[in-house]
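Next comes data.cif, with mmCIF, C-alpha atoms.
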data_work
loop_
_atom_site.label_atom_id
_atom_site.label_comp_id
_atom_site.auth_asym_id
_atom_site.auth_seq_id
_atom_site.Cartn_x
_atom_site.Cartn_y
_atom_site.Cartn_z
CA MET E 252 -24.74 11.95 -20.84
CA ARG E 253 -21.80 9.68 -21.60
CA ARG E 254 -20.55 6.63 -19.78
CA GLY E 255 -17.88 4.30 -21.10
CA THR E 256 -16.13 1.36 -19.48
CA PHE E 257 -13.12 -0.61 -20.63
CA ARG E 258 -12.25 -4.10 -19.46
CA ASP E 259 -8.98 -5.80 -20.32
CA ASP E 260 -6.60 -8.37 -18.89
CA THR E 261 -3.60 -6.05 -19.28
CA VAL E 262 -3.97 -4.26 -15.93
CA ASP E 263 -1.82 -5.76 -13.17
CA TYR E 264 -4.56 -6.22 -10.55
CA ALA E 265 -7.73 -8.30 -10.43
CA ALA E 266 -10.40 -6.11 -8.80
CA VAL E 267 -11.13 -3.82 -11.75
CA GLY E 268 -13.69 -1.16 -10.82
CA ALA E 269 -13.47 -1.82 -7.08
CA THR E 270 -12.90 1.86 -6.26
CA HIS E 271 -16.64 2.35 -6.83
CA ALA E 272 -17.62 -0.44 -4.43
CA PRO E 273 -19.60 1.09 -1.52
CA ASP E 274 -17.73 -1.10 0.99
CA LEU E 275 -14.22 -0.41 -0.35
CA MET E 276 -12.98 0.99 2.96
CA GLN E 277 -14.29 -2.00 4.93
CA TYR E 278 -13.46 -4.75 2.43
CA PRO E 279 -10.65 -3.69 0.09
CA PRO E 280 -9.20 -6.06 -2.51
CA GLU E 281 -6.83 -8.64 -1.04
CA HIS E 282 -3.43 -7.34 0.12
CA SER E 283 -4.35 -3.74 -0.72
CA ILE E 284 -4.71 -0.59 1.37
CA PRO E 285 -7.83 1.51 0.66
CA ALA E 286 -8.12 5.29 0.84
CA GLU E 287 -10.89 7.83 0.35
CA SER E 288 -11.22 11.60 0.69
CA SER E 289 -13.91 14.12 -0.28
CA TRP E 290 -13.69 17.89 -0.39
CA ARG E 291 -16.14 20.67 -1.13
CA ILE E 292 -14.56 22.72 -3.93
CA GLY E 293 -17.22 25.36 -4.54
CA SER E 294 -20.76 25.62 -5.82
CA GLY E 295 -22.74 26.19 -8.99
CA SER E 296 -22.67 25.01 -12.57
CA GLU E 297 -19.59 26.98 -13.60
CA ARG E 298 -17.44 25.44 -10.85
CA PHE E 299 -18.76 21.98 -11.74
CA GLU E 300 -18.07 22.39 -15.45
CA THR E 301 -14.58 23.78 -14.87
CA ALA E 302 -13.63 21.03 -12.43
CA GLY E 303 -15.10 18.33 -14.67
CA GLU E 304 -13.15 19.47 -17.71
CA SER E 305 -9.99 19.78 -15.63
CA LEU E 306 -10.44 16.19 -14.49
CA LEU E 307 -10.75 14.85 -18.04
CA THR E 308 -7.76 16.85 -19.32
CA TRP E 309 -5.33 15.39 -16.76
CA THR E 310 -5.11 18.54 -14.61
CA ALA E 311 -5.19 16.50 -11.39
CA GLN E 312 -1.98 14.80 -12.50
CA ARG E 313 -0.19 17.64 -14.29
CA ALA E 314 -0.85 20.31 -11.67
CA SER E 315 0.29 17.82 -9.02
CA GLY E 316 3.77 17.96 -10.49
CA LEU E 317 3.46 14.74 -12.51
CA ALA E 318 4.36 14.56 -16.19
CA VAL E 319 1.66 12.97 -18.36
CA GLU E 320 3.24 11.30 -21.38
CA ASP E 321 2.44 8.97 -24.26
CA VAL E 322 -1.35 9.29 -24.05
CA ARG E 323 -2.71 6.74 -26.51
CA PRO E 324 -6.41 6.34 -27.35
CA ALA E 325 -7.90 2.86 -27.32
CA PRO E 326 -7.66 1.10 -30.68
CA GLY E 327 -10.85 1.27 -32.72
CA PRO E 328 -13.88 3.53 -32.21
CA ALA E 329 -14.73 4.76 -28.71
CA TYR E 330 -17.98 3.32 -27.41
CA ALA E 331 -20.39 5.75 -25.77
CA GLY E 332 -21.54 3.23 -23.17
CA VAL E 333 -24.99 2.51 -21.78
CA SER E 334 -26.67 4.72 -19.17
CA PHE E 335 -29.56 3.85 -16.86
CA ASP E 336 -32.68 5.60 -15.63
CA ALA E 337 -33.81 5.82 -11.99
CA GLU E 338 -35.37 2.33 -12.17
CA GLY E 339 -32.21 0.77 -13.58
CA THR E 340 -33.57 0.40 -17.11
CA PRO E 341 -30.87 0.70 -19.80
CA ILE E 342 -31.06 3.80 -22.00
CA ALA E 343 -29.53 3.49 -25.44
CA PRO E 344 -26.84 6.10 -26.16
CA SER E 345 -27.64 8.77 -28.72
CA LYS E 346 -24.70 7.54 -30.78
CA ASN E 347 -22.39 4.54 -30.62
CA GLU E 348 -19.16 6.42 -31.19
CA VAL E 349 -17.77 9.27 -29.11
CA GLU E 350 -15.94 12.05 -30.92
CA GLN E 351 -12.39 12.37 -29.60
CA ARG E 352 -11.71 15.75 -27.96
CA PHE E 353 -8.35 17.41 -27.38
CA ASP E 354 -7.12 20.04 -24.95
CA ALA E 355 -5.29 23.24 -25.93
CA GLU E 356 -1.97 21.36 -26.06
CA GLY E 357 -3.36 18.66 -28.34
CA THR E 358 -3.57 15.96 -25.66
CA PRO E 359 -6.67 13.74 -25.92
CA PHE E 360 -9.35 14.02 -23.26
CA ALA E 361 -9.61 10.90 -21.10
CA GLY E 362 -11.50 8.04 -22.74
CA PRO E 363 -12.11 4.37 -21.88
CA GLY E 364 -9.23 2.10 -22.87
CA MET E 365 -6.61 4.84 -23.20
CA THR E 366 -3.13 4.20 -21.87
CA LEU E 367 -0.71 6.80 -20.54
CA ARG E 368 2.44 7.17 -18.51
CA VAL E 369 2.89 9.44 -15.52
CA ARG E 370 6.30 10.35 -14.17
CA GLY E 371 7.30 12.23 -11.06
CA ARG E 372 7.78 12.06 -7.34
CA VAL E 373 5.75 12.85 -4.25
CA GLY E 374 8.30 13.84 -1.67
CA SER E 375 10.98 11.15 -1.83
CA MET E 376 8.60 8.54 -3.27
CA SER E 377 8.15 7.53 -6.89
CA ALA E 378 4.84 8.22 -8.63
CA ASP E 379 5.90 6.69 -11.96
CA ALA E 380 3.36 4.36 -13.55
CA GLU E 381 1.84 3.13 -16.77
CA LEU E 382 -1.94 3.50 -16.46
CA ARG E 383 -5.08 2.52 -18.30
CA VAL E 384 -8.35 4.45 -18.27
CA ILE E 385 -10.87 1.94 -16.94
CA SER E 386 -13.95 4.14 -17.25
CA VAL E 387 -15.14 7.68 -17.91
CA THR E 388 -18.50 9.08 -16.85
CA GLU E 389 -20.03 12.36 -17.99
CA GLU E 390 -23.49 13.08 -16.61
CA LYS E 391 -25.51 16.21 -15.91
CA ARG E 392 -24.25 16.41 -12.32
CA ARG E 393 -21.28 14.04 -12.19
CA VAL E 394 -18.02 13.63 -14.06
CA GLY E 395 -15.82 10.66 -13.22
CA LEU E 396 -12.59 8.97 -14.21
CA VAL E 397 -11.07 5.64 -13.12
CA LEU E 398 -7.40 4.81 -13.69
CA GLY E 399 -5.79 1.40 -13.18
CA THR E 400 -2.13 0.42 -13.11
CA VAL E 401 -0.63 -1.56 -15.97
CA GLY E 402 2.94 -1.66 -14.68
CA GLY E 403 6.02 0.35 -13.81
CA SER E 404 4.77 1.44 -10.38
CA VAL E 405 5.81 0.73 -6.80
CA VAL E 406 2.16 -0.18 -6.17
CA ARG E 407 -0.61 -1.80 -8.19
CA GLY E 408 -4.25 -0.85 -7.98
CA GLU E 409 -6.78 1.76 -8.96
CA GLU E 410 -7.79 5.39 -8.48
CA SER E 411 -11.22 6.91 -9.06
CA PHE E 412 -11.89 10.64 -9.36
CA ASP E 413 -15.42 12.07 -9.18
CA VAL E 414 -16.70 15.63 -9.38
CA GLU E 415 -20.33 15.89 -8.22
CA TRP E 416 -22.69 18.87 -8.38
CA ARG E 417 -25.25 18.21 -5.65
CA GLU E 418 -28.81 19.08 -6.48
CA ASP E 419 -30.00 19.64 -2.90
CA ASN E 420 -27.56 22.43 -1.97
CA ASP E 421 -25.76 23.44 -5.22
CA GLU E 422 -22.39 22.40 -3.75
CA VAL E 423 -19.64 20.86 -5.87
CA TRP E 424 -17.64 18.03 -4.28
CA PHE E 425 -14.46 16.30 -5.41
CA THR E 426 -13.99 12.70 -4.24
CA VAL E 427 -10.94 10.51 -4.75
CA ARG E 428 -10.85 6.81 -3.84
CA ALA E 429 -8.05 4.32 -4.30
CA PHE E 430 -6.62 0.99 -3.31
CA ASP E 431 -2.90 0.22 -3.45
CA ALA E 432 -1.12 -3.12 -3.15
CA PRO E 433 2.66 -2.77 -2.73
CA ASN E 434 4.87 -4.11 -5.51
CA SER E 435 8.36 -3.27 -4.32
CA LEU E 436 10.03 -5.03 -1.40
CA LEU E 437 10.43 -1.75 0.48
CA TYR E 438 6.70 -0.96 0.30
CA ARG E 439 5.75 -4.53 1.25
CA THR E 440 8.07 -4.32 4.25
CA ILE E 441 6.89 -0.87 5.37
CA PRO E 442 3.14 -0.51 4.59
CA ALA E 443 3.15 2.96 6.16
CA LEU E 444 4.97 4.18 3.05
CA VAL E 445 1.99 3.15 0.91
CA LYS E 446 -0.33 5.23 3.10
CA ARG E 447 2.04 8.19 3.13
CA ARG E 448 2.42 8.14 -0.65
CA ARG E 449 -1.34 7.98 -1.13
CA ARG E 450 -1.98 10.77 1.38
CA GLU E 451 0.44 13.08 -0.44
CA LEU E 452 -1.06 12.23 -3.83
CA PHE E 453 -4.57 13.01 -2.55
CA ALA E 454 -3.41 16.38 -1.21
CA ARG E 455 -1.85 17.25 -4.57
CA TYR E 456 -4.94 16.20 -6.51
CA LEU E 457 -7.10 18.47 -4.36
CA ARG E 458 -4.72 21.37 -4.80
CA ALA E 459 -4.82 20.82 -8.57
CA ILE E 460 -8.61 20.72 -8.92
CA SER E 461 -9.77 23.17 -6.25
CA PRO E 462 -9.01 26.92 -6.28
CA MET E 463 -10.01 26.99 -2.60
CA TYR E 464 -7.13 24.78 -1.44
CA ALA E 465 -4.15 26.69 -0.09
CA THR E 466 -2.38 24.29 2.26
CA PRO E 467 1.08 23.41 0.90
CA VAL E 468 1.81 19.77 0.10
#

Please rewrite the model in this file as structure tokens.
Amino acid sequence: MRRGTFRDDTVDYAAVGATHAPDLMQYPPEHSIPAESSWRIGSGSERFETAGESLLTWTAQRASGLAVEDVRPAPGPAYAGVSFDAEGTPIAPSKNEVEQRFDAEGTPFAGPGMTLRVRGRVGSMSADAELRVISVTEEKRRVGLVLGTVGGSVVRGEESFDVEWREDNDEVWFTVRAFDAPNSLLYRTIPALVKRRRRELFARYLRAISPMYATPV
């Protein structure tokens, strides 16, 4: 089990971690538009492990047509984080440093505090952004990743990605949550563009992670 969280003042929004708030859809951060979608993407341990590794190796972004560039690990050793038992009691990690892993192309797996740039478009809308990895979670039945904007985007805010292997029915679910506050004048003037951009990104993320998804973006 591994859980790491990074906190820094360099992101360009205040509500760091708010994508995991249970009331995000009812009470989003000020001036932002929330979004949430969940999809069943299969069942069993193999599907869970494949989807989890894909999530941490930037497949949701790359297979969505976005270029992932300039991935930089956080300075200093990576902290393994603290996990909790069912009663909320902290469990000390087995080690304080997490060994950095790399994919087949030599790109680092996602880790807390990393920065990266994504470039591309969704339809006619820009998806360019500089991002920071806010947190990474690797548990027996859940893998998660939270990304926050640093700059260079038409919106500011956060995305969370979670792959969950449910114990009661063996199903694997992929959930994406986000909140976006418009930066550019066009997006502030026409909020519907923020929703449209987010909807198209969600559809692409699902297509990237799930082999069951066949609807064109």

Please produce, as JSON lines, a per-residue contact table for region 419-455 of chain E versus region 274-290 of chain E (criterion: any atom at most 9 Å away, all atoms listed in the file considered), showing the nearest atom pair and its distance in Å to one decimal, sorted by chain then residue number.
{"residue": "E:Val423", "atom": "CA", "partner": "E:Trp290", "partner_atom": "CA", "distance": 8.6}
{"residue": "E:Trp424", "atom": "CA", "partner": "E:Trp290", "partner_atom": "CA", "distance": 5.5}
{"residue": "E:Phe425", "atom": "CA", "partner": "E:Trp290", "partner_atom": "CA", "distance": 5.3}
{"residue": "E:Thr426", "atom": "CA", "partner": "E:Ser289", "partner_atom": "CA", "distance": 4.2}
{"residue": "E:Val427", "atom": "CA", "partner": "E:Ser288", "partner_atom": "CA", "distance": 5.6}
{"residue": "E:Arg428", "atom": "CA", "partner": "E:Glu287", "partner_atom": "CA", "distance": 4.3}
{"residue": "E:Ala429", "atom": "CA", "partner": "E:Ala286", "partner_atom": "CA", "distance": 5.2}
{"residue": "E:Phe430", "atom": "CA", "partner": "E:Pro285", "partner_atom": "CA", "distance": 4.2}
{"residue": "E:Asp431", "atom": "CA", "partner": "E:Ser283", "partner_atom": "CA", "distance": 5.0}
{"residue": "E:Ala432", "atom": "CA", "partner": "E:Ser283", "partner_atom": "CA", "distance": 4.1}
{"residue": "E:Pro433", "atom": "CA", "partner": "E:Ser283", "partner_atom": "CA", "distance": 7.4}
{"residue": "E:Pro442", "atom": "CA", "partner": "E:Ile284", "partner_atom": "CA", "distance": 8.5}
{"residue": "E:Val445", "atom": "CA", "partner": "E:Ile284", "partner_atom": "CA", "distance": 7.7}
{"residue": "E:Lys446", "atom": "CA", "partner": "E:Ile284", "partner_atom": "CA", "distance": 7.5}
{"residue": "E:Arg449", "atom": "CA", "partner": "E:Ala286", "partner_atom": "CA", "distance": 7.6}
{"residue": "E:Arg450", "atom": "CA", "partner": "E:Ala286", "partner_atom": "CA", "distance": 8.2}
{"residue": "E:Phe453", "atom": "CA", "partner": "E:Ser288", "partner_atom": "CA", "distance": 7.5}

Grab the CA of Glu418 (chain E) to CA of Leu452 (chain E) distance for me, in Å with one decimal place.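 Answer for the CA of Glu418 (chain E) to CA of Leu452 (chain E) separation: 28.7 Å.
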
Given the file above and the PyMOL selection byres ((chain E and resi 376-385) around 8), which residues are selected, and can you give them as a count of residues only? 35

Compute the distance from (-8.0, 19.5, -6.4) to each atom, counting all atoms listed in the file, keep the residues with any atom at most 6 Å away, and return them as a list of chain:residue names; use the coordinates of the file. E:Tyr456, E:Leu457, E:Arg458, E:Ala459, E:Ile460, E:Ser461

In terms of the shortest atom-to-atom distance over only C-alpha atoms, which of E:Asp421, E:Ser315, E:Pro324, E:Gly408 is closest to Ala265 (chain E)?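 Going through E:Asp421, E:Ser315, E:Pro324, E:Gly408 one by one, the smallest distance to Ala265 (chain E) is for E:Gly408.
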
Record the distance separating CA of Val414 (chain E) and CA of Arg392 (chain E), expressed in Å with one decimal.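 Distance reported for this atom pair: 8.1 Å.
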
Given the file above and the PyMOL selection byres ((chain E and resi 303) around 12), which residues are selected, and can you give them as a ChimeraX atom specification? /E:292,296-302,304-311,360-361,387-396,412-416,423-426,460-461

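If you measure from each of E:Gln312, E:Ser294, E:Thr261, E:Thr440 to Asn420 (chain E) using all atoms listed in the file, the closest one turns out to be E:Ser294.
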
Which residue out of E:Gly295, E:Arg439, E:Ala314, E:Val322 has the minimum interatomic distance to Phe353 (chain E) when all atoms listed in the file are used? E:Val322

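Taking CA of Ala443 (chain E) and CA of Gly316 (chain E) as the two end points, the separation is 22.4 Å.
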
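Considering only C-alpha atoms, the residue among E:Thr270, E:Ser411, E:Thr358, E:Ser435 positioned nearest to Glu320 (chain E) is E:Thr358.
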
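Comparing E:Arg447, E:Arg455, E:Asp354, E:Glu410 by their smallest distance to His271 (chain E), the closest is E:Glu410 (using only C-alpha atoms).
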